[in-house]
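Novice: run_6.txt is reproduced below (compact mmCIF, C-alpha atoms).
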# COMPACT_ATOMS: atom_id res chain seq x y z
CA MET K 18 -17.35 73.95 -1.62
CA LEU K 19 -21.02 74.85 -2.03
CA VAL K 20 -23.03 72.44 -4.17
CA SER K 21 -24.81 75.47 -5.65
CA GLU K 22 -21.60 76.18 -7.56
CA LEU K 23 -22.40 73.06 -9.62
CA ASP K 24 -25.87 74.30 -10.56
CA PHE K 25 -26.92 75.54 -13.98
CA TYR K 26 -30.12 76.11 -15.91
CA LEU K 27 -30.96 73.36 -18.36
CA PRO K 28 -33.98 73.76 -20.65
CA PRO K 29 -36.00 70.53 -20.41
CA GLU K 30 -36.06 70.15 -24.19
CA LEU K 31 -32.28 69.58 -24.16
CA ILE K 32 -32.63 66.36 -22.15
CA ALA K 33 -32.20 63.70 -24.83
CA GLN K 34 -34.99 61.13 -24.93
CA THR K 35 -33.52 59.03 -27.74
CA PRO K 36 -29.93 58.41 -28.90
CA ALA K 37 -28.49 59.86 -32.07
CA GLU K 38 -29.04 57.75 -35.17
CA PRO K 39 -26.56 56.34 -35.91
CA ARG K 40 -25.11 56.59 -32.44
CA ASP K 41 -21.70 57.88 -33.61
CA HIS K 42 -23.38 60.96 -35.17
CA SER K 43 -23.85 62.60 -31.79
CA ARG K 44 -22.06 65.90 -31.30
CA LEU K 45 -18.68 66.07 -29.57
CA MET K 46 -17.36 69.13 -27.75
CA VAL K 47 -13.60 69.16 -27.23
CA VAL K 48 -12.43 71.05 -24.13
CA ARG K 49 -8.69 71.74 -24.04
CA ARG K 50 -7.39 72.40 -20.56
CA ASP K 51 -4.29 74.28 -21.72
CA SER K 52 -6.34 77.00 -23.43
CA GLN K 53 -9.72 78.66 -23.32
CA SER K 54 -10.76 77.09 -26.61
CA LEU K 55 -13.74 74.86 -27.25
CA ALA K 56 -14.12 72.96 -30.50
CA HIS K 57 -17.29 71.45 -31.94
CA HIS K 58 -17.21 68.13 -33.78
CA ARG K 59 -19.18 64.96 -34.43
CA PHE K 60 -18.33 61.80 -32.55
CA TYR K 61 -17.33 59.94 -35.71
CA GLU K 62 -14.41 62.38 -35.94
CA LEU K 63 -12.94 61.01 -32.70
CA PRO K 64 -10.19 58.87 -34.31
CA ASP K 65 -8.73 61.97 -35.96
CA LEU K 66 -8.95 64.00 -32.74
CA LEU K 67 -6.97 61.54 -30.61
CA ARG K 68 -3.24 60.89 -30.73
CA ALA K 69 -1.76 57.72 -32.16
CA ASP K 70 -0.74 55.54 -29.18
CA ASP K 71 -3.45 56.87 -26.85
CA LEU K 72 -4.92 54.23 -24.54
CA LEU K 73 -8.72 54.24 -24.15
CA VAL K 74 -10.01 52.56 -20.98
CA PHE K 75 -13.64 51.38 -21.21
CA ASN K 76 -16.06 50.11 -18.57
CA ASP K 77 -17.35 46.82 -20.03
CA THR K 78 -20.20 46.31 -17.55
CA ARG K 79 -23.54 45.11 -18.90
CA VAL K 80 -26.94 46.54 -17.94
CA ILE K 81 -29.19 43.75 -16.73
CA ARG K 82 -32.98 43.62 -16.73
CA ALA K 83 -33.04 44.85 -13.18
CA ARG K 84 -36.55 46.37 -13.03
CA LEU K 85 -39.29 44.00 -11.82
CA ARG K 86 -43.02 44.63 -11.49
CA GLY K 87 -45.18 42.82 -8.99
CA HIS K 88 -47.98 42.93 -6.42
CA LYS K 89 -48.47 42.53 -2.69
CA PRO K 90 -51.07 40.04 -1.38
CA THR K 91 -53.48 42.97 -1.04
CA GLY K 92 -53.17 43.60 -4.78
CA GLY K 93 -51.15 46.79 -4.49
CA ALA K 94 -48.54 47.26 -7.18
CA VAL K 95 -44.85 47.14 -6.27
CA GLU K 96 -41.88 47.96 -8.47
CA ALA K 97 -38.38 46.71 -7.65
CA LEU K 98 -35.06 47.91 -8.99
CA LEU K 99 -32.25 45.47 -8.23
CA LEU K 100 -29.13 47.41 -7.29
CA ARG K 101 -26.55 44.94 -6.00
CA GLU K 102 -26.35 41.22 -5.45
CA VAL K 103 -25.36 40.40 -1.86
CA GLU K 104 -25.47 36.64 -2.38
CA THR K 105 -27.38 34.26 -4.61
CA ASN K 106 -31.07 35.30 -4.55
CA LEU K 107 -30.47 38.09 -2.02
CA TRP K 108 -30.33 41.57 -3.56
CA GLU K 109 -30.16 45.13 -2.36
CA ALA K 110 -33.09 46.79 -4.09
CA LEU K 111 -35.25 49.86 -4.29
CA LEU K 112 -38.93 49.08 -3.73
CA LYS K 113 -41.72 51.52 -4.44
CA PRO K 114 -44.04 52.38 -3.01
CA SER K 115 -42.19 51.31 0.13
CA ALA K 116 -43.95 53.19 2.94
CA ARG K 117 -46.29 50.32 3.88
CA LEU K 118 -44.02 47.40 3.04
CA LYS K 119 -43.18 45.13 5.95
CA VAL K 120 -40.30 42.77 6.57
CA GLY K 121 -41.39 39.26 5.60
CA SER K 122 -44.37 40.34 3.49
CA GLU K 123 -44.58 38.48 0.19
CA ILE K 124 -44.31 40.15 -3.20
CA LYS K 125 -45.09 38.25 -6.37
CA PHE K 126 -43.30 39.42 -9.50
CA ALA K 127 -44.47 38.51 -12.99
CA SER K 128 -42.91 38.74 -16.43
CA PRO K 129 -44.48 41.19 -18.90
CA ASP K 130 -46.39 38.33 -20.54
CA ASN K 131 -47.35 36.80 -17.14
CA ALA K 132 -45.78 33.49 -18.20
CA LEU K 133 -43.26 33.59 -15.36
CA ARG K 134 -43.95 34.37 -11.70
CA VAL K 135 -41.61 34.42 -8.72
CA ALA K 136 -42.04 35.33 -5.07
CA ALA K 137 -39.76 37.46 -2.92
CA LYS K 138 -39.76 38.88 0.60
CA PRO K 139 -38.18 42.07 1.97
CA GLU K 140 -35.76 40.97 4.71
CA ALA K 141 -34.51 44.28 6.07
CA ARG K 142 -34.14 47.95 5.29
CA THR K 143 -30.75 49.26 4.18
CA ALA K 144 -29.29 52.74 3.81
CA SER K 145 -30.35 52.82 0.15
CA GLY K 146 -33.40 50.57 0.09
CA TRP K 147 -34.24 47.01 1.07
CA LEU K 148 -32.71 43.55 1.15
CA LEU K 149 -34.95 41.42 -1.05
CA ARG K 150 -34.85 37.60 -0.80
CA PHE K 151 -36.15 35.56 -3.76
CA ASP K 152 -37.89 32.30 -2.85
CA LEU K 153 -36.28 30.16 -5.54
CA GLN K 154 -34.18 27.04 -5.92
CA GLU K 155 -32.54 28.39 -9.07
CA ASP K 156 -30.65 31.66 -9.40
CA ILE K 157 -32.87 34.69 -10.06
CA ARG K 158 -30.18 35.92 -12.45
CA ALA K 159 -31.13 33.16 -14.90
CA LEU K 160 -34.73 34.41 -14.92
CA LEU K 161 -34.11 38.15 -15.31
CA PRO K 162 -34.05 38.06 -19.14
CA GLN K 163 -37.69 36.88 -19.06
CA LEU K 164 -38.84 38.45 -15.81
CA GLY K 165 -37.33 41.92 -15.84
CA GLU K 166 -36.98 45.07 -17.88
CA VAL K 167 -33.91 47.20 -18.60
CA PRO K 168 -34.17 50.17 -16.22
CA LEU K 169 -33.90 53.62 -17.71
CA PRO K 170 -32.83 56.79 -15.90
CA PRO K 171 -35.73 58.76 -14.39
CA TYR K 172 -35.30 61.62 -16.86
CA ILE K 173 -35.90 59.39 -19.91
CA HIS K 174 -39.64 59.14 -20.49
CA GLN K 175 -39.64 57.48 -23.90
CA LYS K 176 -38.99 53.74 -24.06
CA PRO K 177 -36.27 52.90 -26.61
CA ARG K 178 -37.41 50.99 -29.67
CA ASP K 179 -34.63 48.48 -28.87
CA GLU K 180 -33.07 47.94 -25.45
CA ALA K 181 -29.68 47.56 -27.19
CA GLN K 182 -29.78 51.36 -27.49
CA TYR K 183 -29.05 51.47 -23.74
CA GLN K 184 -26.16 49.00 -23.96
CA THR K 185 -22.60 49.59 -25.12
CA ILE K 186 -21.47 47.44 -28.04
CA TYR K 187 -18.58 46.08 -25.96
CA ALA K 188 -20.61 45.19 -22.84
CA ARG K 189 -19.52 41.78 -21.57
CA THR K 190 -21.76 39.10 -20.12
CA ARG K 191 -20.11 37.82 -16.97
CA THR K 192 -20.67 34.53 -15.16
CA ARG K 193 -19.96 33.47 -11.61
CA SER K 194 -17.07 31.29 -12.74
CA GLU K 195 -15.36 34.36 -14.26
CA SER K 196 -15.89 36.92 -11.55
CA GLY K 197 -16.55 35.08 -8.32
CA GLU K 198 -19.73 35.15 -6.30
CA ASN K 199 -21.18 38.42 -7.56
CA PRO K 200 -20.78 39.28 -11.27
CA LEU K 201 -20.44 43.04 -11.72
CA ASP K 202 -23.50 43.85 -13.77
CA SER K 203 -25.22 47.23 -13.68
CA SER K 204 -28.61 48.83 -13.29
CA ALA K 205 -27.43 51.80 -15.40
CA ALA K 206 -25.28 52.12 -18.51
CA PRO K 207 -21.79 53.65 -18.76
CA THR K 208 -23.27 56.19 -21.12
CA ALA K 209 -20.10 57.73 -22.56
CA GLY K 210 -19.63 54.39 -24.30
CA LEU K 211 -23.02 54.50 -26.03
CA HIS K 212 -21.53 56.65 -28.82
CA PHE K 213 -19.16 53.93 -30.05
CA THR K 214 -19.90 51.83 -33.13
CA PRO K 215 -17.92 48.95 -34.67
CA GLN K 216 -16.78 51.36 -37.37
CA ILE K 217 -15.41 53.81 -34.79
CA LEU K 218 -13.55 51.04 -32.96
CA ASP K 219 -12.04 49.84 -36.23
CA ALA K 220 -10.95 53.36 -37.15
CA LEU K 221 -9.35 53.83 -33.73
CA ARG K 222 -7.38 50.60 -34.15
CA VAL K 223 -6.16 51.69 -37.58
CA ARG K 224 -5.06 54.98 -36.02
CA GLY K 225 -2.88 53.00 -33.57
CA ILE K 226 -5.00 53.67 -30.49
CA HIS K 227 -5.01 50.96 -27.80
CA PHE K 228 -7.94 49.61 -25.77
CA ALA K 229 -8.20 48.37 -22.18
CA PHE K 230 -11.20 47.42 -20.07
CA VAL K 231 -12.21 47.71 -16.43
CA THR K 232 -15.52 46.75 -14.88
CA LEU K 233 -17.56 48.82 -12.44
CA GLY K 234 -21.09 47.84 -11.47
CA ILE K 235 -23.13 51.03 -11.81
CA GLY K 236 -25.98 51.62 -9.39
CA LEU K 237 -28.71 54.21 -9.14
CA GLY K 238 -26.49 56.50 -7.09
CA THR K 239 -24.89 57.76 -10.28
CA PHE K 240 -28.14 59.65 -11.11
CA ARG K 241 -28.81 61.14 -7.71
CA PRO K 242 -28.19 64.87 -7.29
CA ILE K 243 -26.19 65.83 -4.21
CA GLN K 244 -28.66 66.70 -1.46
CA SER K 245 -26.27 68.39 0.98
CA ASP K 246 -25.37 72.08 0.85
CA THR K 247 -21.64 71.37 0.58
CA LEU K 248 -19.62 68.73 -1.24
CA GLU K 249 -17.83 67.92 2.01
CA ALA K 250 -21.11 66.81 3.62
CA HIS K 251 -22.03 64.44 0.78
CA GLU K 252 -21.66 60.69 1.38
CA MET K 253 -20.66 59.02 -1.87
CA HIS K 254 -22.32 55.74 -2.86
CA SER K 255 -20.21 52.58 -3.08
CA GLU K 256 -19.73 50.58 -6.29
CA GLU K 257 -17.83 47.34 -6.90
CA PHE K 258 -15.10 47.10 -9.53
CA GLU K 259 -12.56 44.77 -11.10
CA ILE K 260 -9.24 45.49 -12.81
CA SER K 261 -7.68 42.61 -14.75
CA PRO K 262 -3.95 41.81 -14.96
CA GLN K 263 -4.10 42.61 -18.69
CA THR K 264 -5.44 46.11 -18.08
CA ALA K 265 -2.87 46.80 -15.36
CA HIS K 266 -0.15 45.68 -17.78
CA LEU K 267 -1.46 47.88 -20.61
CA ILE K 268 -1.50 50.95 -18.34
CA ALA K 269 2.06 50.18 -17.20
CA GLU K 270 3.18 49.96 -20.84
CA GLN K 271 1.43 53.24 -21.59
CA ARG K 272 3.26 54.95 -18.76
CA GLN K 273 6.60 53.59 -19.99
CA ARG K 274 6.12 55.04 -23.46
CA GLY K 275 4.78 58.35 -22.15
CA GLY K 276 1.35 57.99 -23.75
CA ARG K 277 -1.99 59.23 -22.49
CA VAL K 278 -4.56 57.22 -20.55
CA ILE K 279 -8.05 58.33 -21.58
CA ALA K 280 -11.01 57.15 -19.51
CA VAL K 281 -14.17 56.48 -21.47
CA GLY K 282 -16.72 57.74 -18.98
CA THR K 283 -16.69 58.83 -15.37
CA THR K 284 -17.19 55.22 -14.22
CA ALA K 285 -13.92 54.10 -15.84
CA ALA K 286 -12.23 57.18 -14.36
CA ARG K 287 -13.62 56.32 -10.94
CA VAL K 288 -12.08 52.85 -11.06
CA LEU K 289 -8.68 54.06 -12.20
CA GLU K 290 -8.45 56.90 -9.69
CA SER K 291 -9.60 54.64 -6.85
CA VAL K 292 -6.54 52.41 -7.15
CA GLY K 293 -3.89 54.44 -8.98
CA ASN K 294 -0.59 55.18 -7.27
CA ALA K 295 1.62 58.25 -7.48
CA ASN K 296 3.30 56.87 -10.61
CA GLY K 297 -0.01 56.52 -12.45
CA LEU K 298 0.00 52.72 -12.22
CA VAL K 299 -2.75 50.32 -11.14
CA HIS K 300 -2.68 46.77 -9.83
CA PRO K 301 -5.07 43.92 -10.67
CA GLN K 302 -7.77 43.68 -8.04
CA VAL K 303 -11.42 43.30 -7.16
CA GLY K 304 -12.85 45.77 -4.68
CA ALA K 305 -15.33 48.52 -3.92
CA THR K 306 -14.91 52.27 -4.13
CA GLN K 307 -16.53 55.28 -2.52
CA ILE K 308 -14.12 57.79 -4.03
CA PHE K 309 -15.60 61.27 -4.44
CA ILE K 310 -13.58 63.36 -6.88
CA THR K 311 -14.12 67.08 -6.37
CA PRO K 312 -12.37 70.29 -7.46
CA GLY K 313 -8.85 70.35 -6.06
CA TYR K 314 -8.28 66.63 -6.62
CA GLN K 315 -5.06 65.72 -8.45
CA PHE K 316 -5.61 62.96 -11.00
CA LYS K 317 -3.05 60.15 -10.85
CA VAL K 318 -3.97 57.87 -13.77
CA VAL K 319 -6.44 59.67 -16.03
CA ASP K 320 -4.88 62.13 -18.48
CA ALA K 321 -8.05 62.84 -20.48
CA LEU K 322 -11.73 61.96 -20.24
CA LEU K 323 -14.48 61.22 -22.71
CA THR K 324 -17.84 61.83 -21.07
CA ASN K 325 -21.43 63.01 -21.56
CA PHE K 326 -23.10 66.19 -20.27
CA HIS K 327 -24.20 65.66 -16.69
CA LEU K 328 -26.93 66.61 -14.26
CA PRO K 329 -26.70 69.84 -12.27
CA ARG K 330 -25.48 69.42 -8.68
CA SER K 331 -24.19 65.90 -9.39
CA SER K 332 -21.06 64.04 -8.30
CA LEU K 333 -20.25 63.53 -11.99
CA LEU K 334 -20.22 67.27 -12.61
CA ALA K 335 -17.93 67.64 -9.59
CA MET K 336 -15.53 65.09 -11.11
CA ILE K 337 -15.21 66.79 -14.50
CA SER K 338 -14.84 70.16 -12.76
CA ALA K 339 -11.91 68.65 -10.86
CA LEU K 340 -10.31 67.59 -14.13
CA ALA K 341 -10.92 70.66 -16.29
CA GLY K 342 -11.43 73.39 -13.68
CA LEU K 343 -14.75 74.72 -12.45
CA GLU K 344 -14.70 77.92 -14.51
CA LYS K 345 -13.86 76.08 -17.73
CA ILE K 346 -16.69 73.61 -17.17
CA ARG K 347 -19.11 76.44 -16.45
CA TYR K 348 -18.10 78.05 -19.72
CA ALA K 349 -18.36 74.76 -21.62
CA TYR K 350 -21.81 74.00 -20.21
CA SER K 351 -23.17 77.48 -20.87
CA THR K 352 -21.90 77.12 -24.44
CA ALA K 353 -23.50 73.67 -24.72
CA VAL K 354 -26.87 75.08 -23.65
CA ALA K 355 -26.57 78.01 -26.04
CA GLU K 356 -25.58 75.67 -28.91
CA LYS K 357 -28.39 73.25 -28.00
CA TYR K 358 -26.26 70.24 -27.23
CA ARG K 359 -28.25 67.23 -26.00
CA PHE K 360 -27.74 66.28 -22.34
CA PHE K 361 -27.52 63.16 -20.15
CA SER K 362 -27.54 59.46 -21.04
CA PHE K 363 -28.67 59.62 -24.68
CA GLY K 364 -27.11 63.03 -25.24
CA ASP K 365 -23.91 64.38 -26.78
CA ALA K 366 -20.32 63.87 -25.72
CA MET K 367 -17.41 65.91 -24.38
CA LEU K 368 -13.70 65.21 -24.64
CA ILE K 369 -11.64 66.87 -21.92
CA GLU K 370 -7.96 66.79 -22.79
Would it be possible to restate this file's structure as structure tokens?
Specialist:
Amino acid sequence: MLVSELDFYLPPELIAQTPAEPRDHSRLMVVRRDSQSLAHHRFYELPDLLRADDLLVFNDTRVIRARLRGHKPTGGAVEALLLREVETNLWEALLKPSARLKVGSEIKFASPDNALRVAAKPEARTASGWLLRFDLQEDIRALLPQLGEVPLPPYIHQKPRDEAQYQTIYARTRTRSESGENPLDSSAAPTAGLHFTPQILDALRVRGIHFAFVTLGIGLGTFRPIQSDTLEAHEMHSEEFEISPQTAHLIAEQRQRGGRVIAVGTTAARVLESVGNANGLVHPQVGATQIFITPGYQFKVVDALLTNFHLPRSSLLAMISALAGLEKIRYAYSTAVAEKYRFFSFGDAMLIE
């Protein structure tokens, strides 16, 4: 399939720079796969739009302060974005500018108030960046709240007034004792979840809707447009995930009673479809996935999807086109542009059912 089939014109003014206030007042387009109809709502109407006994599956990953600013010995500025922890104090990272960086050269990173300084050295190049070793006795993770900044997607140019705006309300802080050697934190938010408020969660519970959680550590690859001419030539990025015994049990119960499994966001969908079997069941596990869901794919676990409006030529747009059908998504997106929906991380939502 040609990647150009996932292209569309998006006026720059429709790229949301700030979230809706309050966050559950964003718009919600409902796309029904069994008809040609689109319906326009507000997100706070979600409890009334879902069925009693639906199961919502959330990605509870937390965005860490993964962006660091520092300098080389020559004084040149360097910015690091921590993508994935390989082992304690060794991270896969993007470094920029990177053209003149050398293996073993020292970079000194400082906190915004210059009260904290740490040194690190690039150890090797990787397919997506560098391996960056921090010269510390303690774990760099413990210093990130003071040293780093929450990274924002490249299309957001306005810093949020509060970094909690780029964090879901159910994001879970994970420790090594809970999740092994490498806690599954993220350098990007599972943005479909940004619309939820405590009031919405309470209303969903009252409606009889069930909740389950998976964890997928989101990296920068989620924002990268596909560079190849065809989907078949694209190499999907890898992301680590965890499914708990409780979540596997809740999905099994949902299958037994014939209810729907609704993924909150493409990241939750990616986890479920990576491990689901032909019966729509999952097993508890920790692993990594490179699944690339494209038109023609048959979903095994996910019956419906709550998501945002995505970038042109992106793997996320390919996924929702696989679920709803390419022509229906084209129609929905052209309608969204005409109706001035807000796009991307801080933008509006879509329910595909």
Novice: Quick check, in Å to one decimal: how far apart do CA of His251 in chain K and CA of Gln307 in chain K lie?
Specialist: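 Spanning CA of His251 in chain K to CA of Gln307 in chain K is a straight-line distance of 11.2 Å.
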Novice: Residues at most 12 Å from Ala116 in chain K, counting all atoms listed in the file, excluding those fewer than 4 positions away in the same chain, as a ChimeraX atom specification?
Specialist: /K:95,111-112,120,142,146-147
Novice: With only C-alpha atoms as the atoms that count, which of K:His300, K:Arg189, K:Ile369, K:Glu30 lies nearest to Leu66 in chain K?
Specialist: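 Distance minimum relative to Leu66 in chain K lands on K:Ile369.
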Novice: Please provide the set of residues having any atom within 12 Å of Gln315 in chain K, restricted to all atoms listed in the file, with same-chain residues fewer than 6 positions apart removed, written as a PyMOL selection string.
Specialist: chain K and resi 290+293-295+297+336-342
Novice: With range 67-85 of chain K as the partner and 7 Å as the cut-off, tabulate the residues of range 248-354 of chain K that qualify, each row holding the nearest pair of atoms and their distance in Å to one decimal, using all atoms listed in the file, sorted by chain and rising number, as JSON lines.
Specialist:
{"residue": "K:Gly276", "atom": "CA", "partner": "K:Asp71", "partner_atom": "CA", "distance": 5.8}
{"residue": "K:Arg277", "atom": "CA", "partner": "K:Asp71", "partner_atom": "CA", "distance": 5.2}
{"residue": "K:Val278", "atom": "CA", "partner": "K:Leu72", "partner_atom": "CA", "distance": 5.0}
{"residue": "K:Ile279", "atom": "CA", "partner": "K:Leu73", "partner_atom": "CA", "distance": 4.9}
{"residue": "K:Ala280", "atom": "CA", "partner": "K:Val74", "partner_atom": "CA", "distance": 4.9}
{"residue": "K:Val281", "atom": "CA", "partner": "K:Phe75", "partner_atom": "CA", "distance": 5.1}
{"residue": "K:Thr284", "atom": "CA", "partner": "K:Asn76", "partner_atom": "CA", "distance": 6.8}
{"residue": "K:Ala285", "atom": "CA", "partner": "K:Asn76", "partner_atom": "CA", "distance": 5.3}
Novice: May I have the residues from that selection written out with C-alpha atoms, as a PDB file, in the coordinates of the input?
Specialist:
ATOM      1  CA  GLY K 276       1.350  57.990 -23.750  1.00  0.00           C
ATOM      2  CA  ARG K 277      -1.990  59.230 -22.490  1.00  0.00           C
ATOM      3  CA  VAL K 278      -4.560  57.220 -20.550  1.00  0.00           C
ATOM      4  CA  ILE K 279      -8.050  58.330 -21.580  1.00  0.00           C
ATOM      5  CA  ALA K 280     -11.010  57.150 -19.510  1.00  0.00           C
ATOM      6  CA  VAL K 281     -14.170  56.480 -21.470  1.00  0.00           C
ATOM      7  CA  THR K 284     -17.190  55.220 -14.220  1.00  0.00           C
ATOM      8  CA  ALA K 285     -13.920  54.100 -15.840  1.00  0.00           C
TER       9      ALA K 285
END
Novice: Would you mind reading off the distance between CA of Arg101 in chain K and CA of His212 in chain K, one decimal, in Å?
Specialist: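 Separating CA of Arg101 in chain K from CA of His212 in chain K is a distance of 26.1 Å.
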Novice: Hey, which of K:Ser43, K:Thr283, K:Thr35, K:Ser128 ends up closest to Phe363 in chain K? Count only C-alpha atoms.
Specialist: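 Of all the options, K:Thr35 lies closest to Phe363 in chain K.
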Novice: Between K:Tyr183, K:Asn325, K:Glu370, K:Arg272, single out the one closest to Phe60 in chain K, counting only C-alpha atoms.
Specialist: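 Looking at the shortest contact to Phe60 in chain K, the residue is K:Asn325.
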Novice: Which one of K:Leu31, K:Leu218, K:Ile308, K:Leu153 sits closest to Glu256 in chain K if you count all atoms listed in the file?
Specialist: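 Going through K:Leu31, K:Leu218, K:Ile308, K:Leu153 one by one, the smallest distance to Glu256 in chain K is for K:Ile308.
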Novice: How many Å lie between CA of Arg178 in chain K and CA of Thr232 in chain K, rounded to one decimal?
Specialist: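 Result for CA of Arg178 in chain K versus CA of Thr232 in chain K: 26.8 Å, one decimal.
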Novice: Residues near range 154-163 of chain K, anyone? I mean within 12 Å using all atoms listed in the file, not counting same-chain ones fewer than 4 positions away, as a PyMOL selection string.
Specialist: chain K and resi 80-86+98-99+101-102+104-108+126-137+149-150+167+180+190-193+198-200+202
Novice: Looking at K:Gly236, K:Pro177, K:Pro171, K:Gly282, which one is nearest to Pro207 in chain K, with distances taken over all atoms listed in the file?
Specialist: K:Gly282
Novice: Would you tabulate, counting only C-alpha atoms, all residues of range 287-307 of chain K that have an atom at most 12 Å from an atom of range 226-230 of chain K, showing the closest pair of atoms and their distance in Å to one decimal, sorted by chain then ascending number, as CSV?
Specialist:
residue,atom,partner,partner_atom,distance
K:Val288,CA,K:Phe230,CA,10.6
K:Leu289,CA,K:Phe230,CA,10.6
K:Pro301,CA,K:Phe230,CA,11.8
Novice: Residues near Ala265 in chain K, anyone? I mean within 8 Å using all atoms listed in the file, not counting same-chain ones fewer than 4 positions away, as a VMD selection string.
Specialist: chain K and resid 260 to 261 269 298 to 301
Novice: Residues as selected, C-alpha atoms, written as an mmCIF file, keeping the file's coordinate frame, can you do that?
Specialist:
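Result file follows (result-v7.cif):
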data_model
loop_
_atom_site.group_PDB
_atom_site.id
_atom_site.type_symbol
_atom_site.label_atom_id
_atom_site.label_comp_id
_atom_site.auth_asym_id
_atom_site.auth_seq_id
_atom_site.Cartn_x
_atom_site.Cartn_y
_atom_site.Cartn_z
ATOM 1 C CA ILE K 260 -9.240 45.490 -12.810
ATOM 2 C CA SER K 261 -7.680 42.610 -14.750
ATOM 3 C CA ALA K 269 2.060 50.180 -17.200
ATOM 4 C CA LEU K 298 0.000 52.720 -12.220
ATOM 5 C CA VAL K 299 -2.750 50.320 -11.140
ATOM 6 C CA HIS K 300 -2.680 46.770 -9.830
ATOM 7 C CA PRO K 301 -5.070 43.920 -10.670
#
Novice: Using all atoms listed in the file, which residues sit within 7 Å of Arg59 in chain K once same-chain residues fewer than 5 positions away are excluded, as a ChimeraX atom specification?
Specialist: /K:42-45
Novice: Taking all atoms listed in the file into account, which of K:Gly238, K:Pro329, K:Pro215, K:Pro39 comes nearest Pro170 in chain K?
Specialist: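 Among K:Gly238, K:Pro329, K:Pro215, K:Pro39, it is K:Gly238 that comes nearest to Pro170 in chain K.
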Novice: Using all atoms listed in the file - which residues lie no farther than 12 Å from the point (-15.3, 76.8, -15.0) in the file's frame? Write them as a PyMOL selection string.
Specialist: chain K and resi 22-25+48+50+53+312+334-335+337-352
